[in-house]
Each structure stands twice: as C-alpha cells, then as structure tokens.
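Trainee: Okay, so here is final_4.pdb, and as you'll see once you scroll down, it has PDB, C-alpha atoms and all ligand atoms.
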ATOM      1  CA  MET P   1     -42.965  69.603  68.329
ATOM      2  CA  THR P   2     -40.316  72.176  69.282
ATOM      3  CA  THR P   3     -38.974  74.581  66.632
ATOM      4  CA  GLU P   4     -35.742  72.544  66.515
ATOM      5  CA  GLU P   5     -37.689  69.485  65.412
ATOM      6  CA  TYR P   6     -39.041  71.076  62.229
ATOM      7  CA  THR P   7     -35.940  70.008  60.295
ATOM      8  CA  PHE P   8     -35.569  68.585  56.848
ATOM      9  CA  ALA P   9     -34.877  65.021  58.030
ATOM     10  CA  LYS P  10     -38.322  63.519  57.410
ATOM     11  CA  PHE P  11     -38.715  64.968  53.911
ATOM     12  CA  SER P  12     -35.207  63.935  52.894
ATOM     13  CA  GLN P  13     -36.103  60.290  53.560
ATOM     14  CA  ASN P  14     -38.604  60.251  50.692
ATOM     15  CA  ALA P  15     -37.419  57.815  47.995
ATOM     16  CA  PHE P  16     -38.099  60.244  45.133
ATOM     17  CA  TYR P  17     -35.941  62.887  46.844
ATOM     18  CA  TYR P  18     -33.079  60.491  47.537
ATOM     19  CA  GLU P  19     -33.179  59.408  43.900
ATOM     20  CA  LEU P  20     -33.244  62.915  42.388
ATOM     21  CA  ASN P  21     -30.321  63.996  44.549
ATOM     22  CA  GLY P  22     -28.501  60.812  43.505
ATOM     23  CA  ARG P  23     -28.998  61.696  39.828
ATOM     24  CA  PHE P  24     -27.733  65.214  40.590
ATOM     25  CA  VAL P  25     -24.605  63.917  42.359
ATOM     26  CA  ASP P  26     -23.922  61.634  39.366
ATOM     27  CA  MET P  27     -24.206  64.687  37.076
ATOM     28  CA  VAL P  28     -21.656  66.539  39.217
ATOM     29  CA  GLY P  29     -19.229  63.607  39.080
ATOM     30  CA  VAL P  30     -17.318  64.095  42.340
ATOM     31  CA  LYS P  31     -13.901  62.429  42.304
ATOM     32  CA  SER P  32     -11.661  60.943  44.947
ATOM     33  CA  GLY P  33      -8.953  63.170  46.335
ATOM     34  CA  GLN P  34     -11.102  66.278  46.081
ATOM     35  CA  ARG P  35     -11.825  68.934  48.653
ATOM     36  CA  ILE P  36     -15.587  69.386  48.493
ATOM     37  CA  LEU P  37     -17.836  71.995  50.069
ATOM     38  CA  ASP P  38     -21.425  70.881  50.690
ATOM     39  CA  LEU P  39     -23.244  74.192  51.222
ATOM     40  CA  ALA P  40     -26.526  73.966  53.179
ATOM     41  CA  CYS P  41     -25.821  70.266  53.757
ATOM     42  CA  GLY P  42     -28.849  69.928  56.051
ATOM     43  CA  THR P  43     -29.160  66.493  57.602
ATOM     44  CA  GLY P  44     -26.411  65.154  55.335
ATOM     45  CA  GLN P  45     -28.165  63.204  52.623
ATOM     46  CA  VAL P  46     -26.191  64.699  49.733
ATOM     47  CA  THR P  47     -23.000  64.340  51.799
ATOM     48  CA  GLN P  48     -23.817  60.650  52.129
ATOM     49  CA  LEU P  49     -24.612  60.290  48.418
ATOM     50  CA  MET P  50     -21.215  61.778  47.570
ATOM     51  CA  LEU P  51     -19.504  59.450  50.058
ATOM     52  CA  GLU P  52     -21.151  56.452  48.392
ATOM     53  CA  ARG P  53     -19.681  57.508  45.034
ATOM     54  CA  LEU P  54     -16.258  58.044  46.638
ATOM     55  CA  ARG P  55     -16.157  54.730  48.461
ATOM     56  CA  GLY P  56     -12.643  53.913  49.582
ATOM     57  CA  ALA P  57     -11.324  57.372  48.692
ATOM     58  CA  ARG P  58      -9.710  58.206  51.986
ATOM     59  CA  ASN P  59      -7.881  61.241  50.692
ATOM     60  CA  THR P  60     -11.134  63.175  50.116
ATOM     61  CA  VAL P  61     -12.341  65.980  52.359
ATOM     62  CA  ILE P  62     -16.008  67.017  52.581
ATOM     63  CA  ILE P  63     -16.973  70.120  54.528
ATOM     64  CA  GLY P  64     -20.681  70.474  55.267
ATOM     65  CA  ILE P  65     -22.054  73.926  56.061
ATOM     66  CA  ASP P  66     -25.510  74.693  57.441
ATOM     67  CA  HIS P  67     -27.034  77.302  59.736
ATOM     68  CA  SER P  68     -29.189  74.760  61.568
ATOM     69  CA  SER P  69     -27.462  73.148  64.540
ATOM     70  CA  ALA P  70     -30.266  70.548  64.757
ATOM     71  CA  ALA P  71     -29.758  69.540  61.112
ATOM     72  CA  LEU P  72     -25.970  69.317  61.555
ATOM     73  CA  GLN P  73     -26.400  67.161  64.644
ATOM     74  CA  GLN P  74     -28.575  64.779  62.631
ATOM     75  CA  ALA P  75     -25.966  64.757  59.839
ATOM     76  CA  ARG P  76     -23.181  63.935  62.296
ATOM     77  CA  THR P  77     -25.231  61.084  63.758
ATOM     78  CA  ALA P  78     -26.227  59.707  60.332
ATOM     79  CA  LEU P  79     -22.642  59.750  59.065
ATOM     80  CA  ARG P  80     -20.921  58.607  62.228
ATOM     81  CA  GLY P  81     -18.455  55.859  61.479
ATOM     82  CA  LYS P  82     -18.109  56.673  57.766
ATOM     83  CA  ARG P  83     -14.423  56.305  57.052
ATOM     84  CA  ASP P  84     -14.366  57.014  53.321
ATOM     85  CA  ALA P  85     -13.447  60.679  53.633
ATOM     86  CA  ALA P  86     -12.562  63.271  56.213
ATOM     87  CA  LEU P  87     -15.821  64.927  57.209
ATOM     88  CA  LEU P  88     -16.136  68.305  58.830
ATOM     89  CA  PHE P  89     -19.345  70.148  59.707
ATOM     90  CA  VAL P  90     -19.469  73.897  60.316
ATOM     91  CA  GLN P  91     -22.479  75.785  61.615
ATOM     92  CA  THR P  92     -22.737  79.122  59.838
ATOM     93  CA  GLN P  93     -24.827  81.030  57.325
ATOM     94  CA  ALA P  94     -23.974  80.042  53.746
ATOM     95  CA  GLU P  95     -23.467  83.776  53.135
ATOM     96  CA  HIS P  96     -20.580  83.778  55.641
ATOM     97  CA  PHE P  97     -18.907  80.460  54.792
ATOM     98  CA  SER P  98     -15.707  82.140  53.598
ATOM     99  CA  GLU P  99     -14.964  83.234  57.174
ATOM    100  CA  SER P 100     -14.496  79.539  58.021
ATOM    101  CA  ILE P 101     -13.145  78.124  54.737
ATOM    102  CA  LYS P 102      -9.858  79.716  53.719
ATOM    103  CA  ASP P 103      -8.267  77.064  51.439
ATOM    104  CA  LYS P 104      -9.430  76.527  47.853
ATOM    105  CA  VAL P 105     -11.804  73.689  47.085
ATOM    106  CA  ASP P 106     -12.308  71.550  43.956
ATOM    107  CA  THR P 107     -16.094  71.391  44.119
ATOM    108  CA  VAL P 108     -18.954  73.263  45.742
ATOM    109  CA  VAL P 109     -22.378  71.613  45.739
ATOM    110  CA  TYR P 110     -25.398  73.607  46.828
ATOM    111  CA  CYS P 111     -28.453  71.379  46.922
ATOM    112  CA  ASN P 112     -32.016  72.554  47.349
ATOM    113  CA  ALA P 113     -31.141  75.793  49.107
ATOM    114  CA  ILE P 114     -29.779  78.417  46.674
ATOM    115  CA  HIS P 115     -33.301  79.900  46.401
ATOM    116  CA  TYR P 116     -33.141  80.999  50.049
ATOM    117  CA  ILE P 117     -30.329  83.479  49.401
ATOM    118  CA  PRO P 118     -31.505  87.091  48.923
ATOM    119  CA  ASP P 119     -28.198  88.440  47.526
ATOM    120  CA  LYS P 120     -27.076  85.700  45.170
ATOM    121  CA  ASP P 121     -24.396  87.889  43.548
ATOM    122  CA  ALA P 122     -22.650  88.416  46.891
ATOM    123  CA  LEU P 123     -22.694  84.691  47.576
ATOM    124  CA  MET P 124     -21.472  83.782  44.079
ATOM    125  CA  GLU P 125     -18.547  86.158  44.499
ATOM    126  CA  LYS P 126     -17.493  84.183  47.582
ATOM    127  CA  ILE P 127     -18.036  80.851  45.848
ATOM    128  CA  ALA P 128     -15.986  82.014  42.851
ATOM    129  CA  SER P 129     -13.118  82.988  45.104
ATOM    130  CA  VAL P 130     -13.018  79.610  46.881
ATOM    131  CA  VAL P 131     -13.326  77.297  43.833
ATOM    132  CA  ARG P 132      -9.979  76.654  42.103
ATOM    133  CA  PRO P 133      -9.831  77.387  38.338
ATOM    134  CA  GLY P 134     -11.181  74.298  36.568
ATOM    135  CA  GLY P 135     -13.155  73.362  39.687
ATOM    136  CA  THR P 136     -16.901  72.887  39.833
ATOM    137  CA  PHE P 137     -19.926  74.676  41.246
ATOM    138  CA  ALA P 138     -23.217  72.771  41.028
ATOM    139  CA  PHE P 139     -26.692  73.362  42.408
ATOM    140  CA  ASN P 140     -30.201  72.006  42.135
ATOM    141  CA  THR P 141     -33.520  73.563  43.098
ATOM    142  CA  SER P 142     -37.218  73.003  42.530
ATOM    143  CA  PHE P 143     -37.940  76.619  43.472
ATOM    144  CA  TYR P 144     -37.161  78.338  40.201
ATOM    145  CA  ASP P 145     -39.259  80.252  37.699
ATOM    146  CA  GLY P 146     -39.670  77.598  35.053
ATOM    147  CA  PRO P 147     -42.368  75.647  33.287
ATOM    148  CA  GLN P 148     -44.336  73.252  35.466
ATOM    149  CA  GLU P 149     -46.997  70.793  34.274
ATOM    150  CA  PRO P 150     -50.517  72.378  34.306
ATOM    151  CA  GLU P 151     -51.737  69.897  36.952
ATOM    152  CA  THR P 152     -48.804  70.910  39.166
ATOM    153  CA  ALA P 153     -49.893  74.545  39.149
ATOM    154  CA  LEU P 154     -53.492  73.472  39.824
ATOM    155  CA  PHE P 155     -52.430  71.374  42.834
ATOM    156  CA  GLN P 156     -50.249  74.172  44.158
ATOM    157  CA  ARG P 157     -53.013  76.756  43.882
ATOM    158  CA  LYS P 158     -55.688  74.579  45.480
ATOM    159  CA  TRP P 159     -53.321  73.426  48.250
ATOM    160  CA  MET P 160     -52.411  76.964  49.274
ATOM    161  CA  MET P 161     -55.992  78.273  49.042
ATOM    162  CA  LYS P 162     -57.226  75.422  51.229
ATOM    163  CA  ALA P 163     -54.390  75.901  53.736
ATOM    164  CA  ILE P 164     -55.230  79.595  54.090
ATOM    165  CA  ARG P 165     -58.918  78.756  54.548
ATOM    166  CA  ILE P 166     -58.125  76.082  57.178
ATOM    167  CA  LEU P 167     -55.870  78.525  58.998
ATOM    168  CA  LYS P 168     -58.739  80.978  59.249
ATOM    169  CA  GLN P 169     -61.452  78.432  60.095
ATOM    170  CA  ASP P 170     -59.504  76.286  62.581
ATOM    171  CA  TYR P 171     -57.290  78.937  64.201
ATOM    172  CA  GLY P 172     -58.699  82.354  63.258
ATOM    173  CA  LEU P 173     -55.323  83.273  61.713
ATOM    174  CA  SER P 174     -54.257  84.837  58.420
ATOM    175  CA  LEU P 175     -50.941  85.327  56.590
ATOM    176  CA  SER P 176     -48.712  88.300  57.237
ATOM    177  CA  LYS P 177     -48.516  90.006  53.848
ATOM    178  CA  ALA P 178     -45.649  92.196  55.045
ATOM    179  CA  GLU P 179     -43.235  89.284  55.344
ATOM    180  CA  LYS P 180     -42.109  88.289  51.898
ATOM    181  CA  VAL P 181     -39.799  85.317  52.046
ATOM    182  CA  GLU P 182     -36.886  85.033  49.635
ATOM    183  CA  SER P 183     -37.717  81.514  48.450
ATOM    184  CA  ARG P 184     -40.862  82.992  46.861
ATOM    185  CA  ARG P 185     -38.871  85.221  44.501
ATOM    186  CA  HIS P 186     -37.660  82.764  41.933
ATOM    187  CA  LEU P 187     -35.027  83.161  39.198
ATOM    188  CA  THR P 188     -35.475  81.545  35.799
ATOM    189  CA  ALA P 189     -32.973  78.948  34.587
ATOM    190  CA  GLU P 190     -31.539  81.602  32.241
ATOM    191  CA  GLN P 191     -31.117  84.086  35.103
ATOM    192  CA  TYR P 192     -29.204  81.419  37.032
ATOM    193  CA  VAL P 193     -26.930  80.834  34.027
ATOM    194  CA  GLU P 194     -26.282  84.594  33.755
ATOM    195  CA  LEU P 195     -25.602  84.771  37.504
ATOM    196  CA  LEU P 196     -22.980  82.028  37.250
ATOM    197  CA  GLU P 197     -21.405  83.540  34.130
ATOM    198  CA  ARG P 198     -21.165  86.950  35.817
ATOM    199  CA  HIS P 199     -18.975  85.308  38.434
ATOM    200  CA  GLY P 200     -16.559  83.468  36.168
ATOM    201  CA  PHE P 201     -18.301  80.118  35.713
ATOM    202  CA  ARG P 202     -19.201  78.330  32.464
ATOM    203  CA  VAL P 203     -22.327  76.197  32.646
ATOM    204  CA  VAL P 204     -21.529  72.736  31.271
ATOM    205  CA  LYS P 205     -24.751  70.898  32.180
ATOM    206  CA  LYS P 206     -28.283  72.227  32.679
ATOM    207  CA  GLU P 207     -31.151  69.776  32.950
ATOM    208  CA  VAL P 208     -34.685  69.608  34.270
ATOM    209  CA  ASP P 209     -35.395  66.471  36.285
ATOM    210  CA  LYS P 210     -39.118  65.625  36.244
ATOM    211  CA  VAL P 211     -40.173  63.995  39.479
ATOM    212  CA  ASP P 212     -43.434  62.409  40.713
ATOM    213  CA  VAL P 213     -44.099  63.604  44.265
ATOM    214  CA  PRO P 214     -46.505  61.429  46.330
ATOM    215  CA  LEU P 215     -48.734  62.824  49.086
ATOM    216  CA  GLU P 216     -46.144  61.886  51.736
ATOM    217  CA  GLY P 217     -43.691  64.323  50.121
ATOM    218  CA  TRP P 218     -46.069  67.267  50.631
ATOM    219  CA  LEU P 219     -46.964  66.125  54.148
ATOM    220  CA  ASP P 220     -43.276  65.908  55.072
ATOM    221  CA  ILE P 221     -42.287  69.245  53.509
ATOM    222  CA  SER P 222     -45.139  70.741  55.575
ATOM    223  CA  LYS P 223     -43.087  69.833  58.665
ATOM    224  CA  PHE P 224     -39.950  71.689  57.525
ATOM    225  CA  LYS P 225     -39.461  75.111  59.120
ATOM    226  CA  ASP P 226     -37.999  76.933  56.116
ATOM    227  CA  PHE P 227     -40.772  75.736  53.816
ATOM    228  CA  ILE P 228     -43.535  76.556  56.303
ATOM    229  CA  GLU P 229     -42.191  80.078  56.827
ATOM    230  CA  GLY P 230     -42.056  80.625  53.052
ATOM    231  CA  ALA P 231     -45.584  79.341  52.439
ATOM    232  CA  MET P 232     -47.269  80.810  55.528
ATOM    233  CA  PRO P 233     -45.338  83.941  56.551
ATOM    234  CA  GLY P 234     -45.979  85.289  60.027
ATOM    235  CA  VAL P 235     -47.980  82.248  61.239
ATOM    236  CA  PRO P 236     -46.846  80.169  64.259
ATOM    237  CA  LEU P 237     -45.063  77.036  62.954
ATOM    238  CA  GLU P 238     -47.287  74.414  64.544
ATOM    239  CA  LYS P 239     -50.564  75.870  63.265
ATOM    240  CA  ALA P 240     -49.177  76.653  59.808
ATOM    241  CA  SER P 241     -47.821  73.111  59.551
ATOM    242  CA  ALA P 242     -51.132  71.552  60.633
ATOM    243  CA  ALA P 243     -53.041  73.655  58.073
ATOM    244  CA  LEU P 244     -50.648  72.667  55.263
ATOM    245  CA  VAL P 245     -50.891  68.967  56.158
ATOM    246  CA  LYS P 246     -54.701  68.998  56.289
ATOM    247  CA  ALA P 247     -54.921  70.988  53.042
ATOM    248  CA  ALA P 248     -52.537  68.639  51.179
ATOM    249  CA  ARG P 249     -54.665  65.620  52.146
ATOM    250  CA  GLN P 250     -57.873  67.372  51.102
ATOM    251  CA  THR P 251     -56.374  68.447  47.757
ATOM    252  CA  TYR P 252     -55.189  64.909  46.891
ATOM    253  CA  ASP P 253     -58.666  63.587  47.772
ATOM    254  CA  GLU P 254     -60.471  66.245  45.772
ATOM    255  CA  LEU P 255     -58.282  65.865  42.667
ATOM    256  CA  LYS P 256     -58.232  62.036  43.054
ATOM    257  CA  ILE P 257     -54.490  61.910  42.373
ATOM    258  CA  THR P 258     -51.654  59.742  43.693
ATOM    259  CA  TYR P 259     -48.777  62.071  42.798
ATOM    260  CA  VAL P 260     -47.996  65.564  41.532
ATOM    261  CA  LYS P 261     -45.261  66.233  38.993
ATOM    262  CA  ARG P 262     -42.552  68.668  39.990
ATOM    263  CA  ASN P 263     -39.542  69.907  38.001
ATOM    264  CA  TRP P 264     -36.067  70.179  39.541
ATOM    265  CA  LEU P 265     -33.446  72.353  37.881
ATOM    266  CA  ASP P 266     -29.936  70.802  37.911
ATOM    267  CA  VAL P 267     -26.938  72.971  36.942
ATOM    268  CA  VAL P 268     -23.226  72.135  36.809
ATOM    269  CA  ALA P 269     -20.670  74.858  36.038
ATOM    270  CA  VAL P 270     -16.887  75.031  35.737
ATOM    271  CA  ARG P 271     -14.712  77.848  37.093
ATOM    272  CA  VAL P 272     -13.024  79.417  34.084
TER     273      VAL P 272
HETATM  274  C1  LIG P 301     -34.070  71.959  51.661
HETATM  275  S1  LIG P 301     -32.761  71.676  52.786
HETATM  276  C2  LIG P 301     -31.527  70.930  51.741
HETATM  277  C3  LIG P 301     -30.550  70.055  52.461
HETATM  278  C4  LIG P 301     -29.592  69.286  51.547
HETATM  279  N1  LIG P 301     -28.665  70.170  50.869
HETATM  280  C5  LIG P 301     -30.370  68.496  50.533
HETATM  281  O1  LIG P 301     -30.341  68.806  49.344
HETATM  282  O2  LIG P 301     -31.037  67.539  50.914
HETATM  283  C6  LIG P 301     -32.177  73.298  52.986
HETATM  284  C7  LIG P 301     -31.109  73.441  54.023
HETATM  285  O3  LIG P 301     -30.555  74.736  53.865
HETATM  286  C8  LIG P 301     -30.284  75.263  55.141
HETATM  287  N2  LIG P 301     -30.229  76.708  54.945
HETATM  288  C9  LIG P 301     -31.200  77.528  54.466
HETATM  289  N3  LIG P 301     -30.750  78.786  54.353
HETATM  290  C10 LIG P 301     -29.452  78.762  54.774
HETATM  291  C11 LIG P 301     -28.435  79.760  54.890
HETATM  292  N4  LIG P 301     -28.672  81.018  54.555
HETATM  293  N5  LIG P 301     -27.242  79.376  55.340
HETATM  294  C12 LIG P 301     -26.982  78.101  55.699
HETATM  295  N6  LIG P 301     -27.906  77.111  55.610
HETATM  296  C13 LIG P 301     -29.123  77.440  55.141
HETATM  297  C14 LIG P 301     -31.410  74.747  56.016
HETATM  298  O4  LIG P 301     -31.039  74.733  57.384
HETATM  299  C15 LIG P 301     -31.588  73.340  55.450
HETATM  300  O5  LIG P 301     -30.804  72.403  56.154
END
Go through the file and emit its structure as structure tokens.
Ligand SMILES: C[S@@+](CC[C@H](N)C(=O)[O-])C[C@H]1O[C@@H](n2cnc3c(N)ncnc32)[C@H](O)[C@@H]1O

Mentor:
Amino acid sequence: MTTEEYTFAKFSQNAFYYELNGRFVDMVGVKSGQRILDLACGTGQVTQLMLERLRGARNTVIIGIDHSSAALQQARTALRGKRDAALLFVQTQAEHFSESIKDKVDTVVYCNAIHYIPDKDALMEKIASVVRPGGTFAFNTSFYDGPQEPETALFQRKWMMKAIRILKQDYGLSLSKAEKVESRRHLTAEQYVELLERHGFRVVKKEVDKVDVPLEGWLDISKFKDFIEGAMPGVPLEKASAALVKAARQTYDELKITYVKRNWLDVVAVRV
C-alpha cells in the first residue's frame, strides 16, 4: 500500500460508524437553505449523511475541508451526481480554513477530528468568527478523556502491548518516544465545554454515545494513517499497521470477545 492509500475510507464503511455519525447528524439538525462547513470531511461520509437529511433542498451549500487530497478525491467520487445541495471541497489544514472561507456560515460540523488539533483555542477563534450569531458548531470524538467501560481499557492496554511486542519480534522496531502525537493528549468533556464557552458558544446538547466496535473496526482503523501515527509514533506505516492488525486479532482471541465498547462524545453548541 502507498501512503496515500492509508485513508479513512475502509473504517468509515463500518456499520457502527455510519450509524453513530447518523445519530450525531440528527442531533445537529441541519436544515435546508443553510451554508454548512464540514471540517475534516475525510472521504465524505458525514457530508453524505447531511445530504440525506436535506434531500431536495437545492438551496443548501456544503463546503468540505480536509488536508488529505486522497480523502477528498474519494469524497468527490462518492458524492458525484448528488444534486441535493451545492458541494464544494477545499484541500487545506482545518487550522487555515478561514483563508478559503470568507462568508459566514450557519453550521460548522467537525466530526472525529477535533482531537488532532494542538491549538484548539486558535481554531475555535476562527470557527467563532465564521459562524453567524445563532448558528451552530457541533463536534463528535471518541478520543476524549472520559469514562470508558473497564473491559474497553483492558482491550486497549493488551492491544497496544501486543502491537509493541510484535513490532519488536517481527521487525526489530520500537516506538519513538520523542514524537508525541496530539491525538494522545485528550480533553475531558468539561474542558471541551469550557473551550466552546470561551469562544462565545453555549452548549445545548452533550451526550455520550455508547457503541459496540467489532474486530473489523479495529482492523480497519489500523489501516488509517493518522491513527497509526498516533498509536505507533516514528514507525514506518506498513509495519506499524501490520503489527496493530495482528495484535487486534490476538487480543480478540485471547479475551474471547466479539466486540469492545467505546464511548463517543457528541456536542452541539450555539453561537451566542
Ligand atoms: C477520522 S477522519 C474523520 C472524517 C469524517 N469527518 C468522519 O467523521 O467520518 C479524520 C479526518 O481528518 C482529517 N484531518 C486530520 N487533521 C486535519 C487537519 N489538521 N486539517 C484538515 N484535516 C485534517 C484527516 O485527513 C481525515 O480525513
């Protein structure tokens, strides 16, 4: 596989993931006629979920932003021919979106990617300046510092320990401790609320969505570049991915489980 192929596409096809993002989009309640920014849109699943809820609303505009050209190409292909809204995709860092988006928007959704941003205050300042008063900012993430079921933590610990061992045994490699990846520094739900409030938003919905993740989910996330780099810093993608895949299988076998529970934080806020 080339680096470009380690996109999010495979993972996003998991039914549990499609369903949790669908519940999130329903929570947000996008409406026809809106100008919507889909930050870190990836391969376009959330864009598509919003389009399904806006069926027939031709006066809607959705702008998808992502830094991965491969992901955006997959989004364009997946959504080709959709006529329900004007769709525009822009390749840029989420941190720099305001250089491309000058007009106000009604809604910003930021799905499964806010945890990657090192300076969340700087980004929120930009989001606050683009959302019209009364408009919405909403995000979801499973990478937050919040309670997880005990068996989830056990799986996570065993999976990572095995992956590190496999990396050493099969490839003679170890992790680079110097490279700390942002997605490993998690905020609590309360810290996210404070972050949003600091930037002029009032949180109107905050829920934890409890999801059962089957083995395929962990195998597929092990083929996503951003996840691999977070879990196995400094290791070549292909070897890190292979170690994660092998370790996930071994951990499911050892624990004799068919799924692992995982909590997703869903937050919807209104611009005051
Ligand atoms: C886990 S995927 C989520 C995709 C989609 N929003 C969803 O919920 O299914 C994360 C996406 O964020 C993108 N991404 C990560 N950091 C980014 C950044 N700083 N700027 C723009 N895109 C970023 C990745 O390329 C990837 O497509």

Trainee: For the provided coordinates, the residues matched by the PyMOL selection byres (((chain P and resi 19) around 12) and not hetatm) should be stated as a PDB file with C-alpha atoms, in the frame of the given file.

Mentor:
ATOM      1  CA  SER P  12     -35.207  63.935  52.894  1.00  0.00           C
ATOM      2  CA  GLN P  13     -36.103  60.290  53.560  1.00  0.00           C
ATOM      3  CA  ASN P  14     -38.604  60.251  50.692  1.00  0.00           C
ATOM      4  CA  ALA P  15     -37.419  57.815  47.995  1.00  0.00           C
ATOM      5  CA  PHE P  16     -38.099  60.244  45.133  1.00  0.00           C
ATOM      6  CA  TYR P  17     -35.941  62.887  46.844  1.00  0.00           C
ATOM      7  CA  TYR P  18     -33.079  60.491  47.537  1.00  0.00           C
ATOM      8  CA  LEU P  20     -33.244  62.915  42.388  1.00  0.00           C
ATOM      9  CA  ASN P  21     -30.321  63.996  44.549  1.00  0.00           C
ATOM     10  CA  GLY P  22     -28.501  60.812  43.505  1.00  0.00           C
ATOM     11  CA  ARG P  23     -28.998  61.696  39.828  1.00  0.00           C
ATOM     12  CA  PHE P  24     -27.733  65.214  40.590  1.00  0.00           C
ATOM     13  CA  VAL P  25     -24.605  63.917  42.359  1.00  0.00           C
ATOM     14  CA  ASP P  26     -23.922  61.634  39.366  1.00  0.00           C
ATOM     15  CA  GLN P  45     -28.165  63.204  52.623  1.00  0.00           C
ATOM     16  CA  VAL P  46     -26.191  64.699  49.733  1.00  0.00           C
ATOM     17  CA  LEU P  49     -24.612  60.290  48.418  1.00  0.00           C
ATOM     18  CA  ASP P 209     -35.395  66.471  36.285  1.00  0.00           C
ATOM     19  CA  LYS P 210     -39.118  65.625  36.244  1.00  0.00           C
ATOM     20  CA  VAL P 211     -40.173  63.995  39.479  1.00  0.00           C
ATOM     21  CA  ASP P 212     -43.434  62.409  40.713  1.00  0.00           C
ATOM     22  CA  VAL P 213     -44.099  63.604  44.265  1.00  0.00           C
ATOM     23  CA  TRP P 264     -36.067  70.179  39.541  1.00  0.00           C
TER      24      TRP P 264
END

Trainee: Would you name the residues within 9 Å of ligand LIG 301 (chain P), counting all atoms listed in the file, and put them as a PyMOL selection string?

Mentor: chain P and resi 7-9+11-12+17-18+21+38-47+65-72+91-97+109-118+140-141+221+224-227

Trainee: For Pro133 of chain P, which residue among P:Arg165, P:Arg80, P:Lys261, P:Arg271 is the nearest when counting all atoms listed in the file?

Mentor: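 For Pro133 of chain P, the nearest of the given residues is P:Arg271.
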
Trainee: Quick one: pull the distance between atom CA of Lys246 of chain P and atom CA of Tyr144 of chain P, Å, one decimal.

Mentor: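 Computed distance, atom CA of Lys246 of chain P to atom CA of Tyr144 of chain P, equals 25.6 Å.
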
Trainee: Restricting the calculation to all atoms listed in the file, which member of P:Arg55, P:Arg262, P:Arg202, P:Lys168 is positioned closest to Lys82 of chain P?

Mentor: P:Arg55

Trainee: Which of these, P:Met124, P:Val208, P:Val203, P:Ala242, has the shortest distance to Ser222 of chain P once you count only C-alpha atoms?

Mentor: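 Nearest candidate to Ser222 of chain P out of P:Met124, P:Val208, P:Val203, P:Ala242: P:Ala242.
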
Trainee: With all atoms listed in the file as the basis for distance, which of P:Lys256, P:Val235, P:Ala248, P:Leu265 is at the shortest distance from Tyr171 of chain P?

Mentor: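 Nearest to Tyr171 of chain P: P:Val235.
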
Trainee: Using only C-alpha atoms, which of the listed residues (P:Ala75, P:Val30, P:Leu175, P:Leu196) sits closest to Ile127 of chain P?

Mentor: P:Leu196

Trainee: Skipping near chain neighbours, those fewer than 4 positions away, what residues fall within 8 Å of Leu244 of chain P using only C-alpha atoms, listed as number ranges by chain?

Mentor: P: 159-160, 163, 219, 222, 240, 248

Trainee: Pick the closest to Arg249 of chain P from P:Arg185, P:Lys206, P:Lys162, P:Arg58: which is it, counting all atoms listed in the file?

Mentor: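 Result for the nearest residue to Arg249 of chain P: P:Lys162.
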
Trainee: Within 6 Å of (-53.9, 79.8, 58.5), all atoms listed in the file: residues as a PyMOL selection string?

Mentor: chain P and resi 164+166-168+173-174+240

Trainee: To one decimal in Å, tell me the separation between atom CA of Val260 of chain P and atom CA of Ala138 of chain P.

Mentor: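 It comes out at 25.8 Å.
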
Trainee: Mind giving me the straight-line distance from atom CA of Leu54 of chain P to atom CA of Asp84 of chain P in Å, one decimal?

Mentor: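 Answer for the atom CA of Leu54 of chain P to atom CA of Asp84 of chain P separation: 7.0 Å.
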
Trainee: Report as a count of residues only all protein, DNA and RNA residues lying within 7 Å of Thr60 of chain P, evaluated on only C-alpha atoms, omitting residues in the same chain fewer than 4 positions from it.

Mentor: 6

Trainee: Quick one: 5 Å padding each side, axis-aligned, all listed atoms of segment 62-67 of chain P - centre and edge lengths in Å to one decimal, as AutoDock Vina command-line options?

Mentor:
--center_x -21.5 --center_y 72.2 --center_z 56.2 --size_x 21.0 --size_y 20.3 --size_z 17.2

Trainee: Name the residues that the PyMOL selection byres (((chain P and resi 197) around 12) and not hetatm) pulls out of this structure, and write them as a short mmCIF file (atom, residue, chain, number, x, y, z; two decimals) with C-alpha atoms, in the frame of the given file.

Mentor:
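Saved result, part-v8.cif, follows:
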data_model
loop_
_atom_site.label_atom_id
_atom_site.label_comp_id
_atom_site.auth_asym_id
_atom_site.auth_seq_id
_atom_site.Cartn_x
_atom_site.Cartn_y
_atom_site.Cartn_z
CA ASP P 121 -24.40 87.89 43.55
CA MET P 124 -21.47 83.78 44.08
CA GLU P 125 -18.55 86.16 44.50
CA ALA P 128 -15.99 82.01 42.85
CA PHE P 137 -19.93 74.68 41.25
CA GLU P 190 -31.54 81.60 32.24
CA GLN P 191 -31.12 84.09 35.10
CA TYR P 192 -29.20 81.42 37.03
CA VAL P 193 -26.93 80.83 34.03
CA GLU P 194 -26.28 84.59 33.76
CA LEU P 195 -25.60 84.77 37.50
CA LEU P 196 -22.98 82.03 37.25
CA ARG P 198 -21.16 86.95 35.82
CA HIS P 199 -18.98 85.31 38.43
CA GLY P 200 -16.56 83.47 36.17
CA PHE P 201 -18.30 80.12 35.71
CA ARG P 202 -19.20 78.33 32.46
CA VAL P 203 -22.33 76.20 32.65
CA VAL P 204 -21.53 72.74 31.27
CA VAL P 268 -23.23 72.14 36.81
CA ALA P 269 -20.67 74.86 36.04
CA VAL P 270 -16.89 75.03 35.74
CA ARG P 271 -14.71 77.85 37.09
CA VAL P 272 -13.02 79.42 34.08
#

Trainee: Taking (-11.2, 77.4, 60.8) in the file's coordinates as the center, which residues reach within 12 Å of it, counting all atoms listed in the file, put as a list in words?

Mentor: Ile63, Leu88, Phe89, Val90, Gln91, Thr92, Phe97, Ser98, Glu99, Ser100, Ile101, Lys102 and Asp103 of chain P

Trainee: Find the spatial neighbours of Ile62 of chain P, counting only C-alpha atoms, within a cut-off of 6 Å - ignore same-chain residues fewer than 4 positions away - and output them as a compact mmCIF listing (two decimals) with C-alpha atoms, in the frame of the given file.

Mentor:
# COMPACT_ATOMS: atom_id res chain seq x y z
CA ILE P 36 -15.59 69.39 48.49
CA LEU P 37 -17.84 72.00 50.07
CA LEU P 87 -15.82 64.93 57.21
